[in-house]
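Visitor: Input data-v5.cif, format and content: mmCIF, C-alpha atoms and all ligand atoms.
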```cif
data_final
#
loop_
_atom_site.label_atom_id
_atom_site.label_comp_id
_atom_site.auth_asym_id
_atom_site.auth_seq_id
_atom_site.Cartn_x
_atom_site.Cartn_y
_atom_site.Cartn_z
CA MET G 439 193.61 16.32 112.60
CA ALA G 440 193.52 19.35 110.40
CA ILE G 441 192.48 18.88 106.82
CA PHE G 442 194.55 21.79 105.60
CA LYS G 443 197.75 22.17 107.52
CA LYS G 444 199.14 25.27 105.93
CA LYS G 445 198.40 27.59 103.08
CA SER G 446 201.28 26.00 101.21
CA ASP G 447 199.90 22.44 101.37
CA ALA G 448 199.62 21.51 97.74
CA ASP G 449 197.88 18.19 98.11
CA VAL G 450 194.48 19.13 99.41
CA SER G 451 191.62 16.93 98.37
CA LEU G 452 188.94 19.22 99.76
CA VAL G 453 187.81 22.59 98.52
CA LEU G 454 188.38 25.29 101.06
CA PRO G 455 185.53 27.80 101.27
CA GLU G 456 186.85 31.21 100.33
CA HIS G 457 184.51 32.97 102.75
CA ILE G 458 183.20 31.41 105.96
CA GLY G 459 180.60 32.99 108.22
CA ILE G 460 180.09 31.87 111.80
CA ILE G 461 177.12 32.67 114.05
CA MET G 462 178.91 32.33 117.39
CA ASP G 463 175.93 31.08 119.39
CA GLY G 464 175.39 29.11 122.58
CA ASN G 465 177.52 30.96 125.13
CA GLY G 466 174.62 31.45 127.52
CA ARG G 467 173.59 27.79 127.48
CA TRP G 468 177.19 26.71 127.95
CA ALA G 469 177.39 28.84 131.11
CA LYS G 470 173.99 27.71 132.37
CA LYS G 471 175.00 24.06 132.14
CA ARG G 472 177.90 24.88 134.45
CA PHE G 473 175.85 27.03 136.86
CA LEU G 474 177.93 30.03 135.80
CA PRO G 475 176.77 33.54 134.90
CA ARG G 476 176.12 34.09 131.18
CA SER G 477 179.11 36.43 131.07
CA ALA G 478 181.37 33.43 131.80
CA GLY G 479 180.00 31.82 128.65
CA HIS G 480 180.83 34.93 126.66
CA ARG G 481 184.37 34.89 128.02
CA ALA G 482 184.78 31.24 127.04
CA GLY G 483 183.30 32.03 123.62
CA ALA G 484 185.74 34.89 123.08
CA LYS G 485 188.64 32.49 123.61
CA VAL G 486 187.25 30.14 121.00
CA PHE G 487 186.82 33.07 118.62
CA ARG G 488 190.56 33.72 118.90
CA THR G 489 191.48 30.07 118.29
CA ILE G 490 189.14 29.59 115.34
CA THR G 491 190.17 32.87 113.72
CA ARG G 492 193.83 31.90 113.89
CA TYR G 493 193.01 28.47 112.52
CA CYS G 494 191.04 29.83 109.58
CA SER G 495 193.93 32.13 108.75
CA ASP G 496 196.41 29.22 109.02
CA ILE G 497 194.52 26.96 106.66
CA GLY G 498 194.13 29.71 104.09
CA VAL G 499 190.56 30.96 104.40
CA LYS G 500 190.42 34.36 102.68
CA TYR G 501 187.43 35.89 104.47
CA LEU G 502 185.97 35.06 107.85
CA THR G 503 182.89 36.81 109.15
CA VAL G 504 181.95 36.26 112.78
CA TYR G 505 178.66 37.37 114.27
CA ALA G 506 179.50 38.80 117.67
CA PHE G 507 176.59 41.10 118.54
CA SER G 508 173.34 41.68 116.69
CA THR G 509 171.18 44.79 116.45
CA GLU G 510 168.68 42.81 118.53
CA ASN G 511 171.12 41.81 121.27
CA TRP G 512 170.62 45.21 123.00
CA ARG G 513 167.37 43.67 124.28
CA ARG G 514 169.36 41.60 126.77
CA PRO G 515 169.63 42.59 130.45
CA ASN G 516 171.94 45.54 131.11
CA ASP G 517 174.48 43.52 133.05
CA GLU G 518 174.89 41.07 130.18
CA VAL G 519 175.25 43.85 127.62
CA SER G 520 177.87 45.63 129.74
CA ALA G 521 179.76 42.40 130.31
CA LEU G 522 179.86 41.93 126.53
CA MET G 523 181.03 45.50 125.93
CA GLY G 524 183.79 44.97 128.51
CA LEU G 525 184.88 41.79 126.75
CA PHE G 526 184.90 43.50 123.37
CA LYS G 527 187.21 46.19 124.73
CA GLU G 528 189.53 43.64 126.30
CA TYR G 529 189.72 41.65 123.10
CA LEU G 530 190.21 44.61 120.87
CA GLU G 531 193.14 45.66 123.01
CA GLU G 532 194.80 42.26 123.36
CA ALA G 533 193.76 39.55 120.96
CA LEU G 534 193.39 41.71 117.92
CA ARG G 535 196.93 42.98 118.35
CA ASP G 536 198.00 39.32 118.26
CA PHE G 537 196.42 38.97 114.84
CA LYS G 538 199.26 41.12 113.57
CA ASP G 539 201.52 38.04 113.39
CA ASP G 540 199.03 36.41 111.05
CA SER G 541 198.67 39.54 108.91
CA ILE G 542 194.93 39.50 109.53
CA VAL G 543 192.96 42.48 108.25
CA VAL G 544 190.34 43.41 110.85
CA ARG G 545 187.10 45.04 109.73
CA PHE G 546 183.91 45.73 111.61
CA ILE G 547 180.56 45.35 109.95
CA GLY G 548 177.58 46.93 111.66
CA ASP G 549 176.61 50.30 113.09
CA LYS G 550 179.42 51.60 115.29
CA SER G 551 177.49 54.68 116.37
CA GLN G 552 175.71 52.97 119.27
CA PHE G 553 178.91 51.93 121.03
CA ASP G 554 180.68 54.15 123.55
CA ASP G 555 183.59 56.35 122.47
CA GLU G 556 186.26 54.11 123.95
CA LEU G 557 185.02 51.07 122.05
CA VAL G 558 184.60 53.00 118.79
CA LYS G 559 188.16 54.31 119.13
CA LEU G 560 189.47 50.75 119.55
CA MET G 561 187.47 49.56 116.55
CA VAL G 562 188.76 52.35 114.34
CA GLU G 563 192.34 51.83 115.56
CA ASN G 564 192.18 48.14 114.76
CA GLU G 565 190.84 48.82 111.29
CA GLU G 566 193.43 51.49 110.60
CA GLU G 567 196.35 49.46 111.92
CA SER G 568 195.46 46.34 109.98
CA LYS G 569 194.17 47.74 106.70
CA ASN G 570 197.42 47.32 104.74
CA ARG G 571 198.06 43.75 105.80
CA ASP G 572 197.82 41.00 103.21
CA GLY G 573 196.30 38.10 105.15
CA MET G 574 192.79 36.88 105.83
CA VAL G 575 190.06 39.49 106.11
CA LEU G 576 188.25 39.13 109.42
CA ASN G 577 184.85 40.84 109.51
CA ILE G 578 183.58 41.17 113.04
CA ALA G 579 179.84 41.77 112.96
CA MET G 580 179.05 44.02 115.90
CA ASN G 581 175.73 45.80 116.24
CA TYR G 582 175.12 44.13 112.92
CA GLY G 583 171.68 43.38 111.55
CA SER G 584 171.20 42.47 107.94
CA ARG G 585 167.87 44.30 107.66
CA ASP G 586 169.53 47.43 108.99
CA GLU G 587 172.37 46.91 106.51
CA ILE G 588 169.90 46.61 103.61
CA ILE G 589 167.98 49.74 104.67
CA ARG G 590 171.28 51.66 104.81
CA ALA G 591 172.11 50.42 101.32
CA VAL G 592 168.69 51.51 100.03
CA LYS G 593 169.29 54.98 101.48
CA ALA G 594 172.76 55.19 99.91
CA VAL G 595 171.39 54.13 96.52
CA SER G 596 168.58 56.69 96.86
CA GLU G 597 171.13 59.44 97.52
CA ASP G 598 173.02 58.42 94.39
CA VAL G 599 169.82 58.57 92.35
CA LYS G 600 168.84 61.93 93.85
CA ASP G 601 172.26 63.44 93.11
CA GLY G 602 172.32 62.01 89.59
CA ARG G 603 175.19 59.56 90.14
CA ILE G 604 173.14 56.66 88.77
CA ASP G 605 169.95 56.13 86.78
CA ILE G 606 167.29 53.96 88.41
CA GLY G 607 167.45 51.58 85.45
CA ALA G 608 171.15 51.01 85.98
CA ILE G 609 170.79 49.71 89.57
CA ASP G 610 171.74 46.06 89.57
CA GLU G 611 172.83 43.44 92.11
CA LYS G 612 176.49 44.38 91.81
CA TYR G 613 175.76 48.03 92.43
CA PHE G 614 173.49 47.29 95.36
CA SER G 615 176.10 44.96 96.90
CA SER G 616 178.63 47.78 96.75
CA LYS G 617 176.51 49.67 99.30
CA LEU G 618 176.57 46.87 101.87
CA TYR G 619 179.11 46.58 104.69
CA THR G 620 180.67 43.69 102.77
CA ALA G 621 181.28 45.77 99.63
CA GLY G 622 183.95 44.25 97.43
CA GLN G 623 183.96 40.91 99.24
CA PRO G 624 182.73 37.58 97.91
CA ASP G 625 179.52 36.16 99.39
CA PRO G 626 180.01 33.56 102.12
CA ASP G 627 180.32 30.03 100.73
CA LEU G 628 179.63 28.44 104.08
CA ILE G 629 177.83 29.66 107.20
CA ILE G 630 178.24 27.63 110.35
CA ARG G 631 175.83 27.92 113.25
CA PRO G 632 176.78 26.04 116.37
CA SER G 633 174.26 25.53 119.20
CA GLY G 634 171.77 23.66 117.06
CA GLU G 635 169.50 26.56 116.13
CA TYR G 636 168.05 26.37 112.64
CA ARG G 637 167.76 30.07 111.94
CA ILE G 638 169.69 32.96 110.47
CA SER G 639 168.91 35.58 113.16
CA ASN G 640 169.38 38.57 110.82
CA PHE G 641 172.83 37.57 109.56
CA MET G 642 173.92 38.28 105.97
CA LEU G 643 170.45 37.95 104.41
CA TRP G 644 171.48 39.37 101.05
CA GLN G 645 174.91 37.75 100.96
CA SER G 646 173.71 34.25 101.86
CA ALA G 647 171.43 33.76 98.84
CA TYR G 648 173.49 30.70 97.77
CA THR G 649 175.46 29.96 100.93
CA GLU G 650 175.70 26.42 102.27
CA PHE G 651 174.52 26.15 105.87
CA VAL G 652 175.99 23.82 108.45
CA ILE G 653 174.18 23.65 111.78
CA MET G 654 176.17 21.94 114.51
CA ASN G 655 174.94 20.60 117.82
CA LYS G 656 177.78 22.08 119.78
CA LEU G 657 177.72 25.22 121.87
CA TRP G 658 180.18 27.85 120.66
CA PRO G 659 182.50 27.68 123.72
CA ASP G 660 182.90 23.92 123.02
CA PHE G 661 183.62 24.44 119.31
CA THR G 662 187.02 23.15 118.19
CA THR G 663 189.22 23.26 115.11
CA GLU G 664 188.07 19.66 114.45
CA ASP G 665 184.50 20.94 114.31
CA LEU G 666 185.58 23.47 111.73
CA ASP G 667 187.23 20.68 109.72
CA GLU G 668 183.98 18.73 109.98
CA ALA G 669 181.97 21.70 108.70
CA ILE G 670 184.36 22.04 105.75
CA LYS G 671 183.95 18.33 105.00
CA LEU G 672 180.16 18.70 105.04
CA PHE G 673 180.50 21.72 102.76
CA ASN G 674 182.46 19.55 100.35
CA SER G 675 179.67 16.97 100.28
CA ARG G 676 177.17 19.53 99.02
CA ASN G 677 176.26 19.92 95.38
CA ARG G 678 176.09 23.65 94.75
CA ARG G 679 173.97 24.33 91.70
CA PHE G 680 173.24 28.08 91.95
CA GLY G 681 169.96 27.46 90.18
CA GLY G 682 171.54 25.49 87.35
CA VAL G 683 171.48 21.74 86.84
C1 LIG G 701 175.94 34.11 121.51
O1 LIG G 701 175.58 33.32 122.58
C2 LIG G 701 176.57 35.42 121.92
C3 LIG G 701 175.77 36.61 121.63
C4 LIG G 701 174.61 36.61 121.06
C5 LIG G 701 176.31 37.88 122.03
P1 LIG G 701 174.20 33.50 123.35
O2 LIG G 701 174.40 34.48 124.46
O3 LIG G 701 173.12 33.85 122.41
O4 LIG G 701 173.99 32.07 123.95
P2 LIG G 701 172.61 31.30 124.08
O5 LIG G 701 172.02 31.22 122.73
O6 LIG G 701 171.76 32.08 125.04
O7 LIG G 701 173.00 29.96 124.62
C1 LIG G 702 172.63 35.50 116.98
O1 LIG G 702 172.40 34.82 118.16
C2 LIG G 702 173.54 36.66 117.23
C3 LIG G 702 174.91 36.32 117.61
C4 LIG G 702 175.41 35.12 117.73
C5 LIG G 702 175.76 37.44 117.83
P1 LIG G 702 171.15 35.10 119.08
O2 LIG G 702 171.28 34.21 120.26
O3 LIG G 702 171.03 36.56 119.35
O4 LIG G 702 169.94 34.66 118.16
P2 LIG G 702 168.48 34.15 118.54
O5 LIG G 702 167.92 35.14 119.52
O6 LIG G 702 168.63 32.80 119.14
O7 LIG G 702 167.76 34.10 117.24
MG MG G 703 171.84 32.69 121.33
#
```
Here is a file; write its structure as structure tokens.

Guide:
Amino acid sequence: MAIFKKKSDADVSLVLPEHIGIIMDGNGRWAKKRFLPRSAGHRAGAKVFRTITRYCSDIGVKYLTVYAFSTENWRRPNDEVSALMGLFKEYLEEALRDFKDDSIVVRFIGDKSQFDDELVKLMVENEEESKNRDGMVLNIAMNYGSRDEIIRAVKAVSEDVKDGRIDIGAIDEKYFSSKLYTAGQPDPDLIIRPSGEYRISNFMLWQSAYTEFVIMNKLWPDFTTEDLDEAIKLFNSRNRRFGGV
């Protein structure tokens, strides 16, 4: 049963994280267990992505960031990479249009330049079409790597210094954050990693300084809305101190 039924539910005993990040991991293992090709796992994972995104929007999450493809995932065999690119196109054409009903704002974080023209066009279209909506912000991390993001930010800050837009002494955390893909957004309160891996795999390194982590022993294609509720419950059991007492 859902903890938060609707945005309007007044009587909620749990704190809802404002920003949730999800490392959508375990598709390959899910497929392997079923003697299916890895691409079948990605297809199953994409379906879960749609369900969980809708659910987060329904319960009132303000920002959801999903890790869909890392800067390191190009190292995978060509057939797996092309299957993933095919799925991305399919989903950007169909599922993301569905998000319209939920007023979801779709944004992509990561370097678009390595994708083919057709995919880039779909990404830009989705961003343009959804930018004036007033619902949950969905960041889809594609060709995203946090180290790459930080290097880009360093370069942008350096340009500002070179062109006299800022003094070196005035560079602070807020200014630096404004050069990241997530500029203007709050840091994630909760990051969920299904599939039981205890690592961050280059996801939101800067932004997760004080994020609560929940690792779940479920493969992403098996992940349900109840699992999300469970992660939110665990989040609520944590004592966030931010360095204080
Ligand atoms: C996550 O599932 C999807 C992507 C990284 C694109 P994996 O494909 O990493 O699944 P496992 O970790 O091999 O099971
Ligand atoms: C992280 O998963 C990236 C995504 C889920 C998109 P990986 O499967 O690529 O991470 P590692 O290789 O296990 O660290
Ligand atoms: Mg993996």

Visitor: Using all atoms listed in the file, can you tell me which of G:Thr491, G:Asn674, G:Ser541, G:Ser596 comes closest to Ser568 (chain G)?

Guide: G:Ser541

Visitor: Could you work out how far CA of Asp554 (chain G) lies from CA of Ala469 (chain G), giving the answer in Å with one decimal?

Guide: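 Atom-to-atom, CA of Ala469 (chain G) and CA of Asp554 (chain G) are spaced 26.6 Å apart.
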
Visitor: I'd like a table as JSON lines: residues in chain G with an atom no more than 10 Å from ligand LIG 702 (chain G), each row giving the shortest atom pair and its distance in Å to one decimal, only C-alpha atoms and all ligand atoms counted, sorted by chain and rising residue number.

Guide:
```
{"residue": "G:Ile460", "atom": "CA", "partner": "G:LIG702", "partner_atom": "C4", "distance": 8.2}
{"residue": "G:Ile461", "atom": "CA", "partner": "G:LIG702", "partner_atom": "C4", "distance": 4.7}
{"residue": "G:Met462", "atom": "CA", "partner": "G:LIG702", "partner_atom": "C4", "distance": 4.5}
{"residue": "G:Asp463", "atom": "CA", "partner": "G:LIG702", "partner_atom": "C4", "distance": 4.4}
{"residue": "G:Gly464", "atom": "CA", "partner": "G:LIG702", "partner_atom": "O2", "distance": 6.9}
{"residue": "G:Asn465", "atom": "CA", "partner": "G:LIG702", "partner_atom": "O2", "distance": 8.6}
{"residue": "G:Gly466", "atom": "CA", "partner": "G:LIG702", "partner_atom": "O2", "distance": 8.5}
{"residue": "G:Arg467", "atom": "CA", "partner": "G:LIG702", "partner_atom": "O2", "distance": 9.9}
{"residue": "G:Val504", "atom": "CA", "partner": "G:LIG702", "partner_atom": "C5", "distance": 8.1}
{"residue": "G:Tyr505", "atom": "CA", "partner": "G:LIG702", "partner_atom": "C5", "distance": 4.6}
{"residue": "G:Ala506", "atom": "CA", "partner": "G:LIG702", "partner_atom": "C5", "distance": 4.0}
{"residue": "G:Phe507", "atom": "CA", "partner": "G:LIG702", "partner_atom": "C5", "distance": 3.8}
{"residue": "G:Ser508", "atom": "CA", "partner": "G:LIG702", "partner_atom": "C5", "distance": 5.0}
{"residue": "G:Thr509", "atom": "CA", "partner": "G:LIG702", "partner_atom": "C2", "distance": 8.5}
{"residue": "G:Glu510", "atom": "CA", "partner": "G:LIG702", "partner_atom": "O3", "distance": 6.7}
{"residue": "G:Asn511", "atom": "CA", "partner": "G:LIG702", "partner_atom": "O3", "distance": 5.6}
{"residue": "G:Trp512", "atom": "CA", "partner": "G:LIG702", "partner_atom": "O3", "distance": 9.4}
{"residue": "G:Arg513", "atom": "CA", "partner": "G:LIG702", "partner_atom": "O3", "distance": 9.4}
{"residue": "G:Arg514", "atom": "CA", "partner": "G:LIG702", "partner_atom": "O3", "distance": 9.1}
{"residue": "G:Ile578", "atom": "CA", "partner": "G:LIG702", "partner_atom": "C5", "distance": 9.9}
{"residue": "G:Ala579", "atom": "CA", "partner": "G:LIG702", "partner_atom": "C5", "distance": 7.7}
{"residue": "G:Met580", "atom": "CA", "partner": "G:LIG702", "partner_atom": "C5", "distance": 7.6}
{"residue": "G:Asn581", "atom": "CA", "partner": "G:LIG702", "partner_atom": "C5", "distance": 8.5}
{"residue": "G:Tyr582", "atom": "CA", "partner": "G:LIG702", "partner_atom": "C5", "distance": 8.3}
{"residue": "G:Gly583", "atom": "CA", "partner": "G:LIG702", "partner_atom": "C2", "distance": 9.0}
{"residue": "G:Arg631", "atom": "CA", "partner": "G:LIG702", "partner_atom": "C4", "distance": 8.5}
{"residue": "G:Pro632", "atom": "CA", "partner": "G:LIG702", "partner_atom": "C4", "distance": 9.3}
{"residue": "G:Ser633", "atom": "CA", "partner": "G:LIG702", "partner_atom": "O6", "distance": 9.2}
{"residue": "G:Gly634", "atom": "CA", "partner": "G:LIG702", "partner_atom": "O6", "distance": 9.9}
{"residue": "G:Glu635", "atom": "CA", "partner": "G:LIG702", "partner_atom": "O6", "distance": 7.0}
{"residue": "G:Tyr636", "atom": "CA", "partner": "G:LIG702", "partner_atom": "O7", "distance": 9.0}
{"residue": "G:Arg637", "atom": "CA", "partner": "G:LIG702", "partner_atom": "O7", "distance": 6.7}
{"residue": "G:Ile638", "atom": "CA", "partner": "G:LIG702", "partner_atom": "O7", "distance": 7.1}
{"residue": "G:Ser639", "atom": "CA", "partner": "G:LIG702", "partner_atom": "O7", "distance": 4.5}
{"residue": "G:Asn640", "atom": "CA", "partner": "G:LIG702", "partner_atom": "C1", "distance": 7.6}
{"residue": "G:Phe641", "atom": "CA", "partner": "G:LIG702", "partner_atom": "C1", "distance": 7.7}
{"residue": "G:Trp658", "atom": "CA", "partner": "G:LIG702", "partner_atom": "C4", "distance": 9.2}
```

Visitor: Out of G:Cys494, G:Ile542, G:Val486, G:Ile547, which residue has the shortest atom-to-atom distance to Ile670 (chain G) when counting only C-alpha atoms?

Guide: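 Selected residue with least distance to Ile670 (chain G): G:Cys494.
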
Visitor: Closest to ligand LIG 701 (chain G) among G:Ala478, G:Val575, G:Ala647, G:Leu452, using all atoms listed in the file?

Guide: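 When distances to ligand LIG 701 (chain G) are compared using all atoms listed in the file, the smallest one comes from G:Ala478.
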
Visitor: Give, as lines of an AutoDock Vina configuration file, the centre coordinates and the x, y and z edge lengths in Å to one decimal for an axis-aligned box around all listed atoms of region 620-627 of chain G, padded by 4 Å on each side.

Guide:
```
center_x = 181.7
center_y = 37.9
center_z = 100.1
size_x = 12.4
size_y = 23.7
size_z = 13.3
```

Visitor: Any idea what the distance is between CA of Glu668 (chain G) and CA of Ala482 (chain G)?

Guide: 21.2 Å

Visitor: Env of Glu531 (chain G): 10 Å cut, atoms = all atoms listed in the file, seq-sep filter 5 positions within chain, self excluded. Answer as an mmCIF file with C-alpha atoms, in the coordinates of the input.

Guide:
```cif
data_model
loop_
_atom_site.group_PDB
_atom_site.id
_atom_site.type_symbol
_atom_site.label_atom_id
_atom_site.label_comp_id
_atom_site.auth_asym_id
_atom_site.auth_seq_id
_atom_site.Cartn_x
_atom_site.Cartn_y
_atom_site.Cartn_z
ATOM 1 C CA LEU G 525 184.880 41.790 126.750
ATOM 2 C CA PHE G 526 184.900 43.500 123.370
ATOM 3 C CA ASP G 536 198.000 39.320 118.260
ATOM 4 C CA LEU G 557 185.020 51.070 122.050
ATOM 5 C CA LEU G 560 189.470 50.750 119.550
ATOM 6 C CA MET G 561 187.470 49.560 116.550
ATOM 7 C CA GLU G 563 192.340 51.830 115.560
ATOM 8 C CA ASN G 564 192.180 48.140 114.760
#
```

Visitor: Just to confirm, what's the straight-line distance from atom C1 of ligand LIG 701 (chain G) to CA of Leu474 (chain G) in Å (one decimal)?

Guide: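 About the pair atom C1 of ligand LIG 701 (chain G) and CA of Leu474 (chain G): they are 15.0 Å apart.
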
Visitor: Which residue, G:Pro475, G:Gly607, G:Gly498, G:Pro624, has the smallest gap to ligand LIG 701 (chain G) when you use only C-alpha atoms and all ligand atoms?

Guide: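 Checking each candidate against ligand LIG 701 (chain G), we get G:Pro475 as the closest.
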
Visitor: Nearest to Asp625 (chain G) among G:Glu587, G:Asp572, G:Asp665, G:Glu456, with distances taken over all atoms listed in the file: which residue is it?

Guide: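 Checking each candidate against Asp625 (chain G), we get G:Glu456 as the closest.
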
Visitor: Using all atoms listed in the file, find the one residue out of G:Arg585, G:Arg571, G:Lys656, G:His457 that sits nearest to ligand LIG 701 (chain G).

Guide: G:Lys656
